[in-house]
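*Asks:* I have a structure here, written as structure tokens, and I will follow up with some questions on it.
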Amino acid sequence: MNQKSRDTDIPAVEYLDSRSAQGPAGSLEELHKRLLLLPPYRWVTQAITRSGLSARGILIATPYLWLLLFFLAPFLIVLKISFSEYAIAQPPYTALFEWVDDVFIQIRLNLENYQLLFEDDLYWRAYLNSVKIAGISTFLTLLVGYPLAYGMTRAPRHWRLALLMLVILPFWTSFLIRVYAWIGILKKEGLLNLLLLNLGVIDQPLVIMNTDMAVYIGIIYSYLPFMVLPLYASLEKMDDSLLEAAADLGCRPIKAFWQITFPISIYGVVAGCFLVFIPALGEFVIPDLLGGSGTLMIGKTLWAEFFSNRDWPLSSAVAVVLLLILVVPIVAFQKMQEKDKAA
Amino acid sequence: MAVSGQEARKKWEPWNDPQEKPHVQLVGVSKRFGEFTAVDNISLDIYKGEFFSLLGPSGCGKTTLLRMLAGFEQPSQGQILLEGSDMSGVPPYRRPVNMMFQSYALFPHMSVERNIAFGLKQDKIPSAEIAQRVEEVIELVELGAFAKRKPHQLSGGQRQRVALARALVKKPKMLLLDEPLGALDKKLRAQTQFELMNIQEKLGITFVIVTHDQEEAMTVSTRIAVMDHGRIVQVATPTEIYEYPNSRYVAGFIGEVNIVEGRVAEVGEGHLSIASEESGCSIRARHALDAPVGAAVWIALRPEKLVISMEAPADTSSNCMVGEVWDIGYLGNLSIYHVKLDSGAMITTAKTNRTRDTEQPITWEDRVYLTWTPDAGIVLGQ
């Protein structure tokens, strides 16, 4: 390699020609050297060196910084807005902190938004209904997803990768477009009704569109991969000889499923359920597009408060409470994952 | 079987007793997977209380045979009778037979106790009795301190014991063991072999074990069935298999052996005289084979039955091979000599190291004589 012979005082432009066939470590070092010629990079690296941070420290700090910047900070802003009052202004809420005579800071905590959430039954009904819809659709997704994942693990080995691809394939298309496609299937003169009418199964078109039923179908369809993948992962690990051992010890196949297969896959079941339940709870697109006016879900309510009513403080309060509701299953999920790792 | 002491054990030979009814009978059993014949027309009787080994190289059909006994595979042809009743079509969960799996197949989500109790719970046995029987068997396999642990908290040897206990607790009519000691290291394996024998003797359950380890089969078995390509080549006691193999395959599979080629020169009263160019001498052997004069035969000679010496014996014309020491392997208890005969054949012989001399009297390129008694050679036909 002729890199070594070159001196750093050669102009930077010289380094920008594409030279390949370098080891990864060598090229990284080379990159570092080249970047040092740029002032901002130099300042940052010098600052890091001066502060005494190690590479390890930076690596560990990065995800925390990320969460601080993109999760905690926005959340605190939302929390702040939720304690303010609606105002016809830009932005449409009153300030939480105000200088009085340039000496004191005045904090005006407005708890009315939260009070309203508990007093107006629209909100707690929306919360409860969301929990109900998310819960039922999680259970239904499990019912659909379990046999699917089980069948995949029983398929010949060379088929499994293709089947796994088929499960992931819908992600290649926009979620919104796929939900729109369901309108074409479920509506009164949609594909499903056409098929069933032509087959003579029904003589009146089914009313599915704009009902809770359509919301369930939409959620099950959209979140099925989130259920199937963890189930598949936990079922695939299972040793087939366990079922043979169960049979050998006098256990019938159906009983063996409930006593061996299901308990072994329980972490997959719980993981899948959380992965479906958590996003389904705050789901907005599916109830909005497929559900009817009677479908009450908190995601939809939140959207309406924010965009239609322009009541930022109230919708912020709705969001904060939704997060608090979600914290319970999220913490439970993490506890379970830790237990799974320990086992 | 209420057998105690070496003398009584030796005499216990139900397979030689025409009055004895076999415990398990295989009648013309075959198993085909598509074009491939895994088990080819096997007929076999196994008697109550036997420790029976199925021995053979991998792919010889021994595991398939075991799985047919357990009920995981159905024979394509033939019948399996357990105590006289036909087992075909009986699913594994209804067979009074238990299996110890090669992978142990312990239920990972259950403690040792619950793993062992699993089989009893399926039979709806009262829980007090389950607890008692589980405790008994845990004591039998010496796992008392680990009863509450999960399988992943146990060592390989402990898991093996749990698997054994789980299969034994149901008091099966027959216990099937699929390479039960394959995952253990050599020392533990040797120790466990003797424990298995003790447990089997204590309980009197018929054990059928599949193994590819001939030493293991020799140690534990009452009888061994040597298998090759889906067929049984020989069924006999370990001693018979070793001393009286019925074919070159069996002689070569069990232990070390030298095989030299020859032709029957003379059929005498109770003995054969064989001319063998390969060995460079005429061979006298006990008459064990109906072979006419001129027939091609093979003489199998076990290394430890050959006597190696620098001095020529009185009669060098028969049962005496002459050659040059080519290689020496010092094993501590034994020394192995590879002797190259004048015919070019390589003969292996073993000599017990009776003294602590570090200087071996026989060394490389020495000219040595290998002698043996007419009893020592095994004459094998085609």
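Following the order of the structure tokens, chains are lettered A, B, ..., residues in each are numbered from 1, and ligands are numbered from 1.
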Show me, as a ChimeraX atom specification, the residues of chain A whose atoms get within 9 Å of chain B, using only C-alpha atoms for the distance check.

*Replies:* /A:239-253,260,263-264,343

*Asks:* Write the residues of the preceding selection, restricted to N, CA and C atoms, as a short mmCIF file (atom, residue, chain, number, x, y, z; two decimals), in the first residue's frame.

*Replies:*
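What ended up in selection09.cif:
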```
data_model
loop_
_atom_site.label_atom_id
_atom_site.label_comp_id
_atom_site.auth_asym_id
_atom_site.auth_seq_id
_atom_site.Cartn_x
_atom_site.Cartn_y
_atom_site.Cartn_z
N ASP A 239 -37.47 -28.59 20.90
CA ASP A 239 -36.95 -29.88 20.46
C ASP A 239 -38.14 -30.83 20.21
N ASP A 240 -38.21 -31.39 19.01
CA ASP A 240 -39.32 -32.29 18.68
C ASP A 240 -39.39 -33.49 19.60
N SER A 241 -38.23 -33.91 20.11
CA SER A 241 -38.24 -35.10 20.94
C SER A 241 -39.00 -34.88 22.25
N LEU A 242 -39.25 -33.60 22.61
CA LEU A 242 -40.03 -33.34 23.83
C LEU A 242 -41.44 -33.89 23.68
N LEU A 243 -42.01 -33.74 22.48
CA LEU A 243 -43.37 -34.24 22.26
C LEU A 243 -43.37 -35.76 22.21
N GLU A 244 -42.30 -36.32 21.65
CA GLU A 244 -42.19 -37.78 21.64
C GLU A 244 -42.07 -38.29 23.07
N ALA A 245 -41.28 -37.58 23.88
CA ALA A 245 -41.11 -37.98 25.28
C ALA A 245 -42.46 -37.92 25.99
N ALA A 246 -43.23 -36.86 25.72
CA ALA A 246 -44.54 -36.73 26.36
C ALA A 246 -45.44 -37.90 25.95
N ALA A 247 -45.44 -38.22 24.67
CA ALA A 247 -46.26 -39.35 24.18
C ALA A 247 -45.78 -40.64 24.83
N ASP A 248 -44.49 -40.79 24.92
CA ASP A 248 -43.91 -42.00 25.50
C ASP A 248 -44.33 -42.17 26.95
N LEU A 249 -44.51 -41.02 27.64
CA LEU A 249 -44.88 -41.08 29.05
C LEU A 249 -46.40 -41.16 29.24
N GLY A 250 -47.13 -41.34 28.14
CA GLY A 250 -48.56 -41.59 28.25
C GLY A 250 -49.43 -40.38 28.01
N CYS A 251 -48.88 -39.35 27.37
CA CYS A 251 -49.63 -38.12 27.17
C CYS A 251 -50.16 -38.07 25.74
N ARG A 252 -51.49 -37.83 25.61
CA ARG A 252 -52.06 -37.74 24.27
C ARG A 252 -51.64 -36.43 23.60
N PRO A 253 -51.65 -36.42 22.24
CA PRO A 253 -51.13 -35.25 21.52
C PRO A 253 -51.76 -33.92 21.94
N ILE A 260 -46.91 -29.16 27.21
CA ILE A 260 -45.51 -29.00 26.80
C ILE A 260 -45.35 -27.81 25.85
N PRO A 263 -46.74 -24.12 27.19
CA PRO A 263 -45.91 -23.51 28.25
C PRO A 263 -44.51 -23.14 27.77
N ILE A 264 -43.94 -23.94 26.87
CA ILE A 264 -42.59 -23.63 26.41
C ILE A 264 -42.60 -22.36 25.55
N ALA A 343 -33.61 -17.23 32.41
CA ALA A 343 -33.92 -18.67 32.33
C ALA A 343 -32.99 -19.38 31.35
#
```

*Asks:* Enumerate, as a JSON list (two decimals) with N, CA and C atoms, in the first residue's frame, the complete set of residues in region 36-277 of chain B that a backbone-based DSSP assignment places in alpha helix (DSSP H).

*Replies:*
```json
[["chain", "number", "residue", "atom", "x", "y", "z"],
["B", 62, "LYS", "N", -30.48, -49.39, 13.85],
["B", 62, "LYS", "CA", -30.72, -49.75, 15.25],
["B", 62, "LYS", "C", -31.68, -48.78, 15.94],
["B", 63, "THR", "N", -31.54, -47.48, 15.62],
["B", 63, "THR", "CA", -32.44, -46.51, 16.24],
["B", 63, "THR", "C", -33.86, -46.66, 15.70],
["B", 64, "THR", "N", -33.98, -46.94, 14.41],
["B", 64, "THR", "CA", -35.31, -47.17, 13.83],
["B", 64, "THR", "C", -35.99, -48.35, 14.51],
["B", 65, "LEU", "N", -35.22, -49.38, 14.78],
["B", 65, "LEU", "CA", -35.77, -50.56, 15.44],
["B", 65, "LEU", "C", -36.27, -50.19, 16.83],
["B", 66, "LEU", "N", -35.48, -49.38, 17.54],
["B", 66, "LEU", "CA", -35.87, -48.95, 18.89],
["B", 66, "LEU", "C", -37.13, -48.09, 18.84],
["B", 67, "ARG", "N", -37.19, -47.21, 17.83],
["B", 67, "ARG", "CA", -38.35, -46.34, 17.70],
["B", 67, "ARG", "C", -39.61, -47.12, 17.35],
["B", 68, "MET", "N", -39.43, -48.25, 16.68],
["B", 68, "MET", "CA", -40.59, -49.11, 16.41],
["B", 68, "MET", "C", -41.07, -49.77, 17.70],
["B", 69, "LEU", "N", -40.13, -50.13, 18.56],
["B", 69, "LEU", "CA", -40.51, -50.72, 19.84],
["B", 69, "LEU", "C", -41.26, -49.70, 20.69],
["B", 70, "ALA", "N", -40.83, -48.42, 20.60],
["B", 70, "ALA", "CA", -41.48, -47.37, 21.38],
["B", 70, "ALA", "C", -42.83, -46.97, 20.79],
["B", 112, "VAL", "N", -37.06, -30.88, 38.21],
["B", 112, "VAL", "CA", -36.71, -32.30, 38.18],
["B", 112, "VAL", "C", -37.89, -33.15, 38.65],
["B", 113, "GLU", "N", -38.46, -32.74, 39.79],
["B", 113, "GLU", "CA", -39.59, -33.48, 40.36],
["B", 113, "GLU", "C", -40.76, -33.59, 39.39],
["B", 114, "ARG", "N", -41.10, -32.42, 38.80],
["B", 114, "ARG", "CA", -42.28, -32.41, 37.92],
["B", 114, "ARG", "C", -42.00, -33.18, 36.63],
["B", 115, "ASN", "N", -40.75, -33.14, 36.16],
["B", 115, "ASN", "CA", -40.39, -33.94, 35.00],
["B", 115, "ASN", "C", -40.64, -35.41, 35.29],
["B", 116, "ILE", "N", -40.22, -35.85, 36.47],
["B", 116, "ILE", "CA", -40.34, -37.27, 36.80],
["B", 116, "ILE", "C", -41.80, -37.64, 37.05],
["B", 117, "ALA", "N", -42.54, -36.70, 37.65],
["B", 117, "ALA", "CA", -43.94, -37.00, 37.97],
["B", 117, "ALA", "C", -44.84, -36.97, 36.73],
["B", 118, "PHE", "N", -44.35, -36.37, 35.64],
["B", 118, "PHE", "CA", -45.18, -36.16, 34.45],
["B", 118, "PHE", "C", -45.89, -37.43, 33.99],
["B", 119, "GLY", "N", -45.13, -38.50, 33.85],
["B", 119, "GLY", "CA", -45.69, -39.75, 33.34],
["B", 119, "GLY", "C", -46.76, -40.32, 34.26],
["B", 120, "LEU", "N", -46.55, -40.18, 35.57],
["B", 120, "LEU", "CA", -47.52, -40.73, 36.53],
["B", 120, "LEU", "C", -48.80, -39.92, 36.50],
["B", 121, "LYS", "N", -48.65, -38.58, 36.32],
["B", 121, "LYS", "CA", -49.83, -37.72, 36.29],
["B", 121, "LYS", "C", -50.74, -38.10, 35.12],
["B", 122, "GLN", "N", -50.14, -38.52, 34.01],
["B", 122, "GLN", "CA", -50.94, -38.89, 32.84],
["B", 122, "GLN", "C", -51.84, -40.08, 33.15],
["B", 127, "SER", "N", -52.20, -38.28, 44.03],
["B", 127, "SER", "CA", -50.99, -37.46, 44.17],
["B", 127, "SER", "C", -50.08, -37.94, 45.30],
["B", 128, "ALA", "N", -50.65, -38.54, 46.32],
["B", 128, "ALA", "CA", -49.82, -39.04, 47.42],
["B", 128, "ALA", "C", -48.90, -40.15, 46.91],
["B", 129, "GLU", "N", -49.48, -41.01, 46.06],
["B", 129, "GLU", "CA", -48.68, -42.10, 45.52],
["B", 129, "GLU", "C", -47.62, -41.57, 44.55],
["B", 130, "ILE", "N", -48.03, -40.56, 43.76],
["B", 130, "ILE", "CA", -47.06, -39.96, 42.83],
["B", 130, "ILE", "C", -45.87, -39.44, 43.61],
["B", 131, "ALA", "N", -46.15, -38.67, 44.67],
["B", 131, "ALA", "CA", -45.08, -38.08, 45.47],
["B", 131, "ALA", "C", -44.14, -39.16, 46.01],
["B", 132, "GLN", "N", -44.74, -40.24, 46.47],
["B", 132, "GLN", "CA", -43.94, -41.31, 47.06],
["B", 132, "GLN", "C", -43.06, -41.98, 46.00],
["B", 133, "ARG", "N", -43.67, -42.28, 44.85],
["B", 133, "ARG", "CA", -42.90, -42.97, 43.81],
["B", 133, "ARG", "C", -41.80, -42.09, 43.24],
["B", 134, "VAL", "N", -42.12, -40.78, 43.11],
["B", 134, "VAL", "CA", -41.10, -39.85, 42.61],
["B", 134, "VAL", "C", -39.93, -39.81, 43.59],
["B", 135, "GLU", "N", -40.25, -39.77, 44.86],
["B", 135, "GLU", "CA", -39.20, -39.71, 45.87],
["B", 135, "GLU", "C", -38.33, -40.96, 45.82],
["B", 136, "GLU", "N", -38.98, -42.11, 45.67],
["B", 136, "GLU", "CA", -38.23, -43.37, 45.60],
["B", 136, "GLU", "C", -37.23, -43.37, 44.46],
["B", 137, "VAL", "N", -37.73, -42.95, 43.28],
["B", 137, "VAL", "CA", -36.88, -43.04, 42.10],
["B", 137, "VAL", "C", -35.79, -41.97, 42.14],
["B", 138, "ILE", "N", -36.10, -40.82, 42.75],
["B", 138, "ILE", "CA", -35.08, -39.77, 42.91],
["B", 138, "ILE", "C", -33.95, -40.29, 43.79],
["B", 139, "GLU", "N", -34.33, -41.05, 44.80],
["B", 139, "GLU", "CA", -33.34, -41.64, 45.68],
["B", 139, "GLU", "C", -32.51, -42.68, 44.92],
["B", 140, "LEU", "N", -33.20, -43.45, 44.09],
["B", 140, "LEU", "CA", -32.53, -44.50, 43.31],
["B", 140, "LEU", "C", -31.42, -43.92, 42.43],
["B", 156, "GLY", "N", -24.56, -32.38, 32.72],
["B", 156, "GLY", "CA", -24.93, -33.43, 31.77],
["B", 156, "GLY", "C", -25.24, -34.75, 32.46],
["B", 157, "GLY", "N", -24.40, -35.12, 33.41],
["B", 157, "GLY", "CA", -24.60, -36.39, 34.12],
["B", 157, "GLY", "C", -25.88, -36.39, 34.93],
["B", 158, "GLN", "N", -26.19, -35.23, 35.54],
["B", 158, "GLN", "CA", -27.42, -35.14, 36.33],
["B", 158, "GLN", "C", -28.65, -35.21, 35.44],
["B", 159, "ARG", "N", -28.58, -34.57, 34.29],
["B", 159, "ARG", "CA", -29.72, -34.62, 33.35],
["B", 159, "ARG", "C", -29.98, -36.04, 32.92],
["B", 160, "GLN", "N", -28.89, -36.76, 32.68],
["B", 160, "GLN", "CA", -29.00, -38.14, 32.25],
["B", 160, "GLN", "C", -29.75, -38.95, 33.31],
["B", 161, "ARG", "N", -29.47, -38.66, 34.59],
["B", 161, "ARG", "CA", -30.15, -39.37, 35.67],
["B", 161, "ARG", "C", -31.63, -39.01, 35.74],
["B", 162, "VAL", "N", -31.92, -37.73, 35.48],
["B", 162, "VAL", "CA", -33.33, -37.32, 35.50],
["B", 162, "VAL", "C", -34.08, -38.06, 34.39],
["B", 163, "ALA", "N", -33.46, -38.12, 33.21],
["B", 163, "ALA", "CA", -34.09, -38.81, 32.09],
["B", 163, "ALA", "C", -34.33, -40.28, 32.44],
["B", 164, "LEU", "N", -33.37, -40.88, 33.09],
["B", 164, "LEU", "CA", -33.51, -42.29, 33.47],
["B", 164, "LEU", "C", -34.63, -42.44, 34.51],
["B", 165, "ALA", "N", -34.62, -41.53, 35.50],
["B", 165, "ALA", "CA", -35.64, -41.61, 36.55],
["B", 165, "ALA", "C", -37.03, -41.42, 35.97],
["B", 166, "ARG", "N", -37.16, -40.48, 35.02],
["B", 166, "ARG", "CA", -38.47, -40.19, 34.44],
["B", 166, "ARG", "C", -39.01, -41.40, 33.68],
["B", 167, "ALA", "N", -38.09, -42.13, 33.03],
["B", 167, "ALA", "CA", -38.52, -43.31, 32.28],
["B", 167, "ALA", "C", -38.79, -44.50, 33.20],
["B", 168, "LEU", "N", -38.09, -44.54, 34.34],
["B", 168, "LEU", "CA", -38.23, -45.69, 35.23],
["B", 168, "LEU", "C", -39.44, -45.60, 36.15],
["B", 186, "LYS", "N", -15.78, -39.73, 29.05],
["B", 186, "LYS", "CA", -15.42, -41.14, 29.09],
["B", 186, "LYS", "C", -15.47, -41.72, 30.51],
["B", 187, "LYS", "N", -14.95, -40.99, 31.47],
["B", 187, "LYS", "CA", -14.90, -41.50, 32.84],
["B", 187, "LYS", "C", -16.29, -41.66, 33.42],
["B", 188, "LEU", "N", -17.10, -40.62, 33.22],
["B", 188, "LEU", "CA", -18.47, -40.63, 33.74],
["B", 188, "LEU", "C", -19.26, -41.75, 33.07],
["B", 189, "ARG", "N", -18.96, -41.97, 31.79],
["B", 189, "ARG", "CA", -19.68, -42.99, 31.03],
["B", 189, "ARG", "C", -19.41, -44.36, 31.63],
["B", 190, "ALA", "N", -18.14, -44.64, 31.92],
["B", 190, "ALA", "CA", -17.77, -45.94, 32.47],
["B", 190, "ALA", "C", -18.46, -46.16, 33.81],
["B", 191, "GLN", "N", -18.49, -45.10, 34.62],
["B", 191, "GLN", "CA", -19.11, -45.20, 35.93],
["B", 191, "GLN", "C", -20.62, -45.42, 35.79],
["B", 192, "THR", "N", -21.23, -44.67, 34.86],
["B", 192, "THR", "CA", -22.67, -44.75, 34.70],
["B", 192, "THR", "C", -23.10, -46.11, 34.15],
["B", 193, "GLN", "N", -22.25, -46.72, 33.33],
["B", 193, "GLN", "CA", -22.57, -48.04, 32.80],
["B", 193, "GLN", "C", -22.83, -49.03, 33.94],
["B", 194, "PHE", "N", -21.97, -48.99, 34.94],
["B", 194, "PHE", "CA", -22.13, -49.91, 36.05],
["B", 194, "PHE", "C", -23.37, -49.56, 36.87],
["B", 195, "GLU", "N", -23.65, -48.26, 37.00],
["B", 195, "GLU", "CA", -24.85, -47.86, 37.72],
["B", 195, "GLU", "C", -26.10, -48.34, 37.00],
["B", 196, "LEU", "N", -26.08, -48.20, 35.67],
["B", 196, "LEU", "CA", -27.22, -48.67, 34.88],
["B", 196, "LEU", "C", -27.46, -50.16, 35.13],
["B", 197, "MET", "N", -26.36, -50.93, 35.13],
["B", 197, "MET", "CA", -26.48, -52.38, 35.34],
["B", 197, "MET", "C", -27.07, -52.68, 36.71],
["B", 198, "ASN", "N", -26.60, -51.93, 37.73],
["B", 198, "ASN", "CA", -27.12, -52.16, 39.08],
["B", 198, "ASN", "C", -28.61, -51.87, 39.17],
["B", 199, "ILE", "N", -29.00, -50.73, 38.57],
["B", 199, "ILE", "CA", -30.41, -50.34, 38.61],
["B", 199, "ILE", "C", -31.25, -51.38, 37.88],
["B", 200, "GLN", "N", -30.75, -51.82, 36.74],
["B", 200, "GLN", "CA", -31.50, -52.79, 35.95],
["B", 200, "GLN", "C", -31.66, -54.09, 36.74],
["B", 201, "GLU", "N", -30.61, -54.49, 37.43],
["B", 201, "GLU", "CA", -30.67, -55.73, 38.20],
["B", 201, "GLU", "C", -31.64, -55.59, 39.37],
["B", 202, "LYS", "N", -31.62, -54.40, 39.99],
["B", 202, "LYS", "CA", -32.47, -54.14, 41.14],
["B", 202, "LYS", "C", -33.95, -54.19, 40.74],
["B", 203, "LEU", "N", -34.27, -53.60, 39.58],
["B", 203, "LEU", "CA", -35.67, -53.47, 39.20],
["B", 203, "LEU", "C", -36.17, -54.63, 38.35],
["B", 214, "GLN", "N", -18.94, -50.26, 21.13],
["B", 214, "GLN", "CA", -18.90, -51.70, 21.39],
["B", 214, "GLN", "C", -18.46, -52.01, 22.82],
["B", 215, "GLU", "N", -17.61, -51.15, 23.38],
["B", 215, "GLU", "CA", -17.15, -51.37, 24.76],
["B", 215, "GLU", "C", -18.33, -51.28, 25.72],
["B", 216, "GLU", "N", -19.20, -50.27, 25.45],
["B", 216, "GLU", "CA", -20.37, -50.09, 26.29],
["B", 216, "GLU", "C", -21.29, -51.30, 26.19],
["B", 217, "ALA", "N", -21.52, -51.76, 24.97],
["B", 217, "ALA", "CA", -22.38, -52.92, 24.77],
["B", 217, "ALA", "C", -21.81, -54.14, 25.49],
["B", 218, "MET", "N", -20.50, -54.34, 25.38],
["B", 218, "MET", "CA", -19.86, -55.48, 26.03],
["B", 218, "MET", "C", -20.03, -55.40, 27.54],
["B", 219, "THR", "N", -19.90, -54.18, 28.09],
["B", 219, "THR", "CA", -19.95, -54.02, 29.54],
["B", 219, "THR", "C", -21.33, -54.33, 30.11],
["B", 220, "VAL", "N", -22.37, -53.76, 29.50],
["B", 220, "VAL", "CA", -23.67, -53.79, 30.16],
["B", 220, "VAL", "C", -24.57, -54.97, 29.76],
["B", 238, "PRO", "N", -21.95, -61.20, 25.15],
["B", 238, "PRO", "CA", -20.70, -60.47, 24.83],
["B", 238, "PRO", "C", -19.51, -61.41, 24.62],
["B", 239, "THR", "N", -19.38, -62.43, 25.46],
["B", 239, "THR", "CA", -18.24, -63.35, 25.32],
["B", 239, "THR", "C", -18.31, -64.10, 24.01],
["B", 240, "GLU", "N", -19.51, -64.60, 23.69],
["B", 240, "GLU", "CA", -19.65, -65.35, 22.44],
["B", 240, "GLU", "C", -19.36, -64.47, 21.23],
["B", 241, "ILE", "N", -19.88, -63.24, 21.30],
["B", 241, "ILE", "CA", -19.67, -62.31, 20.18],
["B", 241, "ILE", "C", -18.18, -62.07, 19.97],
["B", 242, "TYR", "N", -17.45, -61.96, 21.09],
["B", 242, "TYR", "CA", -16.03, -61.65, 20.99],
["B", 242, "TYR", "C", -15.22, -62.89, 20.60],
["B", 243, "GLU", "N", -15.52, -63.99, 21.25],
["B", 243, "GLU", "CA", -14.71, -65.19, 21.02],
["B", 243, "GLU", "C", -15.19, -66.03, 19.85],
["B", 248, "ARG", "N", -16.72, -62.15, 9.42],
["B", 248, "ARG", "CA", -15.62, -61.21, 9.46],
["B", 248, "ARG", "C", -16.10, -59.84, 9.91],
["B", 249, "TYR", "N", -17.36, -59.51, 9.54],
["B", 249, "TYR", "CA", -17.92, -58.21, 9.92],
["B", 249, "TYR", "C", -17.98, -58.07, 11.44],
["B", 250, "VAL", "N", -18.53, -59.11, 12.09],
["B", 250, "VAL", "CA", -18.67, -59.06, 13.55],
["B", 250, "VAL", "C", -17.29, -59.07, 14.21],
["B", 251, "ALA", "N", -16.40, -59.95, 13.70],
["B", 251, "ALA", "CA", -15.06, -60.04, 14.27],
["B", 251, "ALA", "C", -14.36, -58.69, 14.20],
["B", 252, "GLY", "N", -14.56, -57.99, 13.08],
["B", 252, "GLY", "CA", -13.90, -56.71, 12.89],
["B", 252, "GLY", "C", -14.57, -55.59, 13.66],
["B", 253, "PHE", "N", -15.90, -55.70, 13.85],
["B", 253, "PHE", "CA", -16.62, -54.61, 14.51],
["B", 253, "PHE", "C", -16.38, -54.62, 16.01]]
```

*Asks:* Between CA of Ile46 (chain B) and CA of Gly255 (chain B), what is the distance in Å, rounded to a tenth?

*Replies:* 24.4 Å

*Asks:* Give me, as an MDAnalysis selection string, all polymer residues having an atom no more than 6 Å from region 367-378 of chain B, counting only C-alpha atoms and skipping those fewer than 3 positions away in the same chain.

*Replies:* chainID B and resid 284:286 299:301 306:310 319:324

*Asks:* What lies within 10 Å of Trp364 (chain B) using only C-alpha atoms, ignoring chain neighbours under 4 positions off, as a PyMOL selection string?

*Replies:* chain B and resi 324-328+337-339

*Asks:* For the residues selected in the previous step, produce a file with C-alpha atoms as a CSV table (one decimal), in the first residue's frame.

*Replies:*
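The result, stored in selection_23.csv:
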```
chain,number,residue,atom,x,y,z
B,324,GLU,CA,9.7,-57.6,11.5
B,325,VAL,CA,8.6,-55.1,14.1
B,326,TRP,CA,7.3,-52.2,12.2
B,327,ASP,CA,5.7,-50.0,14.9
B,328,ILE,CA,5.4,-50.1,18.7
B,337,TYR,CA,3.3,-54.2,18.1
B,338,HIS,CA,2.7,-53.9,14.4
B,339,VAL,CA,4.6,-56.8,12.8
```

*Asks:* In Å to one decimal, how far is CA of Ser343 (chain B) from CA of Gln360 (chain B)?

*Replies:*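 CA of Gln360 (chain B) sits 26.0 Å away from CA of Ser343 (chain B).
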
*Asks:* Please, what distance in Å, to one decimal, runs between CA of Leu290 (chain A) and CA of Ile183 (chain A)?

*Replies:*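 Result for CA of Leu290 (chain A) versus CA of Ile183 (chain A): 6.7 Å, one decimal.
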
*Asks:* Would you pick out the contacts of Leu275 (chain A) at 10 Å or less, using only C-alpha atoms, so that residues sharing its chain but fewer than 2 positions from it are not included, and give the list as an NGL selection string?

*Replies:* :A and (138 or 223-227 or 230 or 269-273 or 277-280 or 330 or 333)

*Asks:* Which one of B:Ile347, B:Leu26, B:Val208, B:Cys60 sits closest to Ile259 (chain B) if you count only C-alpha atoms?

*Replies:*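 So, comparing all the options, the nearest one is B:Ile347.
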